[in-house]
Every structure is written in structure tokens, then in C-alpha cells.
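Note sheet for the following structure.
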Amino acid sequence: MNENDSLEIEKKDQILLIDNYSRGLPTDRITRIETIINNCIADVELNTIHFTQFKKELAEEYIGIILSGSELNVSSFYYNDRIKKKFKAQLELIQQNTQVPILALCFGFHLVAYAYGAQICRMRLLGLGGRIIFIVLNKTDELISQKNIPVNVHHLDFVTPNDCEIQKNFEIISSSRTKGYKMVQYMKHLEKPIFAVQFHPETHNPYYFHPGLFNERIAEKTRVTGEKIIENFIWMCHYKKNN
């Protein structure tokens with residue numbers, strides 16, 4: 001085929017995953033998100049970038065952005081400027097972006113809340129580590145199609161649904177009372193395509209929720225439900241871009 005006969009190859013729509021974990025931290029969460037998206041039948045391409053390399057100008061190249069969890073805590077920003085500065089680009093993205101859909105997971109959820117002036121609280125004890133809880137949604141939407149779902153939670157920070165800045169800027173779709181703390185589990189911005197979940201829809205690999213710790217049926221439903229949430233986000237980005 002000569003140059004005149006060559007056909008232009010259309011570039012695939014791209015999704016950006018921002019890895020907010022410290023380099024070298026042993027976690028399968030990023031791999032799980034990558035696997036879910038790569039297995040999705042939507043014709044998209046995934047690009048994963050570490051948070052230290054992210055610049056908000058990159059957002060224009062993507063049809064959707066996912067902010068991952070982290071072993072760090074946004075509540076540390078109040079007394080540690082060094083950590084806060086590392087996430088300045090993401091905070092600016094959250095504040096200034098109006099077009100590109102964002103899905104924020106756990107630590108990403110706290111970044112979203114912090115960017116809009118909400119108070120990020122921290123549990124006094126050991127937090128929630130790797131457990132499954134059931135949450136109830138006020139309504140279903142394009143991201144979550146069931147009102148009662150099991151989710152995987154693993155965090156120290158949380159945001160209360162009584163926070164004035166949250167109520168002013170977000171629709172609270174689900175909250176829970178866990179370990180005596182009332183916290184937002186799912187919220188979306190009133191005007192911008194920003195979706196934030198306190199839990200981890202990517203869960204862990206199938207061997208993490210082993211028998212004896214969790215009911216296998218519930219663990220499997222948690223994984224399937226979480227995968228569907230991420231897939232729904234990808235399809236939403238795809239439709240938004242192409243329609």
C-alpha cells in the first residue's frame with residue numbers, strides 16, 4: 001500500500017488512571033483496575049501514570065480519568081505541606097475541570113472533598129481495613145444500578161454527610177454508619193461530571209477474601225458489583241465523548 005492509498009487509523013479513546021500509591025508499595029489495586037478496564041468490551045485504551053508525573057494539562061487528552069486510592073491520607077494535608085504539594089495538580093484538576101468525567105476512589109474521594117473545602121476527618125482507632133459492608137443508595141444512576149450493594153472498604157479518613165461544603169457542591173447518594181462514624185459512601189458533583197466513592201470498586205484479587213473471613217458468595221458479589229461500577233464509568237465516558 002502506497003502513501004496515497006493508506007487509510008488513516010483512528011486513535012482509540014483513552015482513559016487515564018492516576019496511581020496515587022507510593023512507588024514500590026505492594027498492592028494489587030492498580031493492577032485490578034487495569035485488568036477490569038482492559039477486559040471491558042468498550043473500545044478504549046488505558047494509560048496509567050504515577051501521581052508524581054501528572055500535570056493537569058494532560059486531562060484534555062482523555063475521555064475519562066480515574067483517581068486511585070492510596071496508603072496516604074488527605075487528612076495529613078492539614079499539617080504536612082510537603083505531602084499536600086505532591087497532589088497539587090490533582091486538586092487543581094478537580095477544581096477546574098468541567099468536561100472530563102472523573103471517578104475518584106477512596107483517597108481520590110478525599111481529594112475531591114478536600115478540593116471543594118470539605119473537612120477530611122480521621123478515625124481515632126485503626127480505621128477500616130479490607131472489610132466488606134453493605135450500603136444503601138437513595139437512588140440508582142448511570143454508575144450504580146442497584147440500591148443495596150456490598151462494597152470493599154479500607155480507609156482511615158472519612159467525610160461526614162453533614163459537611164456544609166459537601167451539601168453545597170454534591171449530591172449525596174449513599175452514606176453509612178460504620179464503626180460509629182457516619183460517612184459519605186457515594187456522591188457526585190451537582191454540575192460537573194465528578195463521581196466519588198469512599199469504597200474500593202476494584203476490590204482485591206479472588207484469593208484475598210478467603211473462606212473463614214468472608215462468605216464466598218458475598219465476596220464474589222462484591223467483586224462483580226465493583227467491576228460493573230468501573231465498567232459503567234468507562235461506558236459513560238465513551239458515550240459522552242461520541243455523542
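Naming scheme: A, B, ... for chains in displayed order of the C-alpha cells; residues 1 onward per chain; ligands 1 onward as shown.
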Could you name the residues that touch region 45-57 of chain A at 8 Å or less, counting only C-alpha atoms, but leaving out those on the same chain fewer than 2 positions away, as a list of chain:residue names?
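So the residues in contact are A:Lys12, A:Asp13, A:Gln14, A:Ile15, A:Leu16, A:Leu17, A:Ile18, A:Asp19, A:Asn20, A:Tyr21, A:Glu34, A:Ile37, A:Asn38, A:Asp43, A:Ala59, A:Glu60, A:Lys86, A:Phe87, A:Ala89, A:Gln90, A:Glu92, A:Leu93.
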Output N, CA and C atoms for every residue in the selection just made, as a PDB file, in the first residue's frame.
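Result written to result.pdb:
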```
ATOM      1  N   LYS A  12      -7.747   5.364  19.407  1.00  0.00           N
ATOM      2  CA  LYS A  12      -8.754   4.943  20.376  1.00  0.00           C
ATOM      3  C   LYS A  12      -8.968   6.006  21.437  1.00  0.00           C
ATOM      4  N   ASP A  13     -10.191   6.060  21.954  1.00  0.00           N
ATOM      5  CA  ASP A  13     -10.462   6.917  23.102  1.00  0.00           C
ATOM      6  C   ASP A  13      -9.637   6.415  24.279  1.00  0.00           C
ATOM      7  N   GLN A  14      -9.100   7.343  25.067  1.00  0.00           N
ATOM      8  CA  GLN A  14      -8.198   6.961  26.139  1.00  0.00           C
ATOM      9  C   GLN A  14      -8.743   7.319  27.523  1.00  0.00           C
ATOM     10  N   ILE A  15      -8.511   6.415  28.454  1.00  0.00           N
ATOM     11  CA  ILE A  15      -8.826   6.602  29.862  1.00  0.00           C
ATOM     12  C   ILE A  15      -7.515   6.770  30.622  1.00  0.00           C
ATOM     13  N   LEU A  16      -7.469   7.720  31.536  1.00  0.00           N
ATOM     14  CA  LEU A  16      -6.272   7.934  32.347  1.00  0.00           C
ATOM     15  C   LEU A  16      -6.518   7.429  33.767  1.00  0.00           C
ATOM     16  N   LEU A  17      -5.619   6.580  34.244  1.00  0.00           N
ATOM     17  CA  LEU A  17      -5.641   6.125  35.635  1.00  0.00           C
ATOM     18  C   LEU A  17      -4.462   6.748  36.354  1.00  0.00           C
ATOM     19  N   ILE A  18      -4.739   7.546  37.396  1.00  0.00           N
ATOM     20  CA  ILE A  18      -3.668   8.153  38.186  1.00  0.00           C
ATOM     21  C   ILE A  18      -3.414   7.271  39.408  1.00  0.00           C
ATOM     22  N   ASP A  19      -2.218   6.718  39.468  1.00  0.00           N
ATOM     23  CA  ASP A  19      -1.806   5.836  40.562  1.00  0.00           C
ATOM     24  C   ASP A  19      -1.326   6.691  41.731  1.00  0.00           C
ATOM     25  N   ASN A  20      -2.100   6.717  42.817  1.00  0.00           N
ATOM     26  CA  ASN A  20      -1.766   7.554  43.970  1.00  0.00           C
ATOM     27  C   ASN A  20      -1.012   6.822  45.071  1.00  0.00           C
ATOM     28  N   TYR A  21      -0.623   5.591  44.815  1.00  0.00           N
ATOM     29  CA  TYR A  21       0.163   4.846  45.805  1.00  0.00           C
ATOM     30  C   TYR A  21       1.643   5.209  45.682  1.00  0.00           C
ATOM     31  N   GLU A  34      -6.628  -1.892  36.190  1.00  0.00           N
ATOM     32  CA  GLU A  34      -6.152  -2.081  34.820  1.00  0.00           C
ATOM     33  C   GLU A  34      -6.788  -3.304  34.185  1.00  0.00           C
ATOM     34  N   ILE A  37     -10.532  -2.664  33.294  1.00  0.00           N
ATOM     35  CA  ILE A  37     -10.706  -1.798  32.116  1.00  0.00           C
ATOM     36  C   ILE A  37     -10.258  -2.504  30.845  1.00  0.00           C
ATOM     37  N   ASN A  38      -9.146  -3.221  30.910  1.00  0.00           N
ATOM     38  CA  ASN A  38      -8.659  -3.929  29.724  1.00  0.00           C
ATOM     39  C   ASN A  38      -9.584  -5.061  29.300  1.00  0.00           C
ATOM     40  N   ASP A  43     -14.338   0.061  23.412  1.00  0.00           N
ATOM     41  CA  ASP A  43     -13.120   0.228  22.612  1.00  0.00           C
ATOM     42  C   ASP A  43     -12.325   1.433  23.112  1.00  0.00           C
ATOM     43  N   ALA A  59      -5.166  16.268  31.124  1.00  0.00           N
ATOM     44  CA  ALA A  59      -6.570  15.848  31.194  1.00  0.00           C
ATOM     45  C   ALA A  59      -7.293  16.001  29.860  1.00  0.00           C
ATOM     46  N   GLU A  60      -6.902  16.989  29.072  1.00  0.00           N
ATOM     47  CA  GLU A  60      -7.590  17.269  27.812  1.00  0.00           C
ATOM     48  C   GLU A  60      -7.462  16.133  26.806  1.00  0.00           C
ATOM     49  N   LYS A  86       2.436  17.458  46.708  1.00  0.00           N
ATOM     50  CA  LYS A  86       2.565  16.369  45.745  1.00  0.00           C
ATOM     51  C   LYS A  86       1.269  16.135  44.969  1.00  0.00           C
ATOM     52  N   PHE A  87       0.160  16.574  45.539  1.00  0.00           N
ATOM     53  CA  PHE A  87      -1.138  16.335  44.913  1.00  0.00           C
ATOM     54  C   PHE A  87      -1.783  17.631  44.424  1.00  0.00           C
ATOM     55  N   ALA A  89      -1.496  19.163  41.573  1.00  0.00           N
ATOM     56  CA  ALA A  89      -2.013  19.071  40.199  1.00  0.00           C
ATOM     57  C   ALA A  89      -3.379  18.402  40.175  1.00  0.00           C
ATOM     58  N   GLN A  90      -3.568  17.370  40.990  1.00  0.00           N
ATOM     59  CA  GLN A  90      -4.868  16.701  41.025  1.00  0.00           C
ATOM     60  C   GLN A  90      -5.939  17.588  41.656  1.00  0.00           C
ATOM     61  N   GLU A  92      -6.035  20.825  41.539  1.00  0.00           N
ATOM     62  CA  GLU A  92      -6.375  21.829  40.531  1.00  0.00           C
ATOM     63  C   GLU A  92      -7.258  21.223  39.449  1.00  0.00           C
ATOM     64  N   LEU A  93      -6.963  19.988  39.063  1.00  0.00           N
ATOM     65  CA  LEU A  93      -7.789  19.300  38.072  1.00  0.00           C
ATOM     66  C   LEU A  93      -9.228  19.194  38.566  1.00  0.00           C
TER      67      LEU A  93
END
```
Find the residues around region 224-232 of chain A up to 12 Å (only C-alpha atoms counted), leave out those fewer than 5 positions away in its own chain, and share them as a count of residues only.
59
For CA of Asn97 (chain A) and CA of Asn73 (chain A), quote the distance in Å rounded to one decimal.
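Separation of CA of Asn97 (chain A) and CA of Asn73 (chain A): 22.9 Å.
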DSSP says strand (DSSP E) for which residues of region 5-239 of chain A? Put them as JSON, numbers by chain?
{"A": [13, 14, 15, 16, 17, 18, 19, 44, 45, 46, 47, 48, 49, 50, 64, 65, 66, 67, 102, 103, 104, 105, 121, 122, 128, 129, 130, 131, 132, 133, 134, 135, 136, 148, 149, 150, 151, 152, 153, 154, 155, 157, 158, 170, 171, 172, 173, 174, 175, 176, 177, 178, 181, 182, 183, 184, 185, 186, 187, 188, 189, 194, 195, 196, 197]}
Compile the contact shell of Arg177 (chain A) as an NGL selection string: residues with an atom at most 12 Å away, counting only C-alpha atoms, same-chain residues fewer than 2 positions apart removed.
:A and (133-136 or 158-161 or 174-175 or 179-185)
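Shell of His154 (chain A) at 10 Å, with only C-alpha atoms counted and residues fewer than 4 places along the chain excluded, is Gly69, Ser70, Glu71, Cys106, Phe107, Gly127, Leu128, Gly129, Gly130, Arg131, Ile132, Gln198, Phe199, His200 and Thr203 of chain A.
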Filtering to C-alpha atoms, could you give me those residues as a PDB file, in the first residue's frame?
```
ATOM      1  CA  GLY A  69      -6.743   5.030  46.349  1.00  0.00           C
ATOM      2  CA  SER A  70      -3.516   5.362  48.344  1.00  0.00           C
ATOM      3  CA  GLU A  71      -1.859   4.333  51.591  1.00  0.00           C
ATOM      4  CA  CYS A 106     -11.206   6.262  48.403  1.00  0.00           C
ATOM      5  CA  PHE A 107      -8.122   8.528  48.635  1.00  0.00           C
ATOM      6  CA  GLY A 127      -9.835   2.530  60.633  1.00  0.00           C
ATOM      7  CA  LEU A 128     -11.485   0.115  58.251  1.00  0.00           C
ATOM      8  CA  GLY A 129      -9.126  -2.442  56.810  1.00  0.00           C
ATOM      9  CA  GLY A 130     -10.156  -4.744  53.993  1.00  0.00           C
ATOM     10  CA  ARG A 131     -13.712  -5.432  55.104  1.00  0.00           C
ATOM     11  CA  ILE A 132     -16.982  -5.770  53.222  1.00  0.00           C
ATOM     12  CA  GLN A 198     -15.446   6.098  49.543  1.00  0.00           C
ATOM     13  CA  PHE A 199     -15.109   2.379  48.863  1.00  0.00           C
ATOM     14  CA  HIS A 200     -12.893   0.362  46.508  1.00  0.00           C
ATOM     15  CA  THR A 203     -11.600  -4.856  45.418  1.00  0.00           C
TER      16      THR A 203
END
```
Provide the CA of Ile166 (chain A) to CA of Phe77 (chain A) distance in Å, to one decimal place.
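Interatomic distance here is 18.1 Å.
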Excluding same-chain residues fewer than 6 positions from Glu171 (chain A), what lies within 7 Å of it counting only C-alpha atoms, as a PyMOL selection string?
chain A and resi 187-190
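Straight-line separation from CA of Ile30 (chain A) to CA of Ile234 (chain A): 15.9 Å.
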Restricting to only C-alpha atoms, whichever of A:Lys139, A:Arg124, A:Asn243, A:Ala113 is closest to Lys168 (chain A) is A:Ala113
Which one of A:Arg29, A:Arg223, A:Arg122, A:Lys88 sits closest to Ser75 (chain A) if you count only C-alpha atoms?
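Comparing A:Arg29, A:Arg223, A:Arg122, A:Lys88 against Ser75 (chain A), the winner is A:Arg122.
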Neighbour list for Tyr114 (chain A) as a ChimeraX atom specification, cut-off 9 Å, only C-alpha atoms, skip fewer than 5 positions in-chain
/A:74-75,91,109,119-120
Just write the chosen residues, C-alpha atoms, as a compact mmCIF listing (two decimals), in the first residue's frame.
```txt
# COMPACT_ATOMS: atom_id res chain seq x y z
CA VAL A 74 -5.62 13.51 52.78
CA SER A 75 -6.18 14.48 56.42
CA LEU A 91 -6.52 19.23 43.32
CA PHE A 109 -12.72 10.61 47.04
CA GLN A 119 -13.30 18.76 56.25
CA ILE A 120 -11.47 15.46 55.95
```
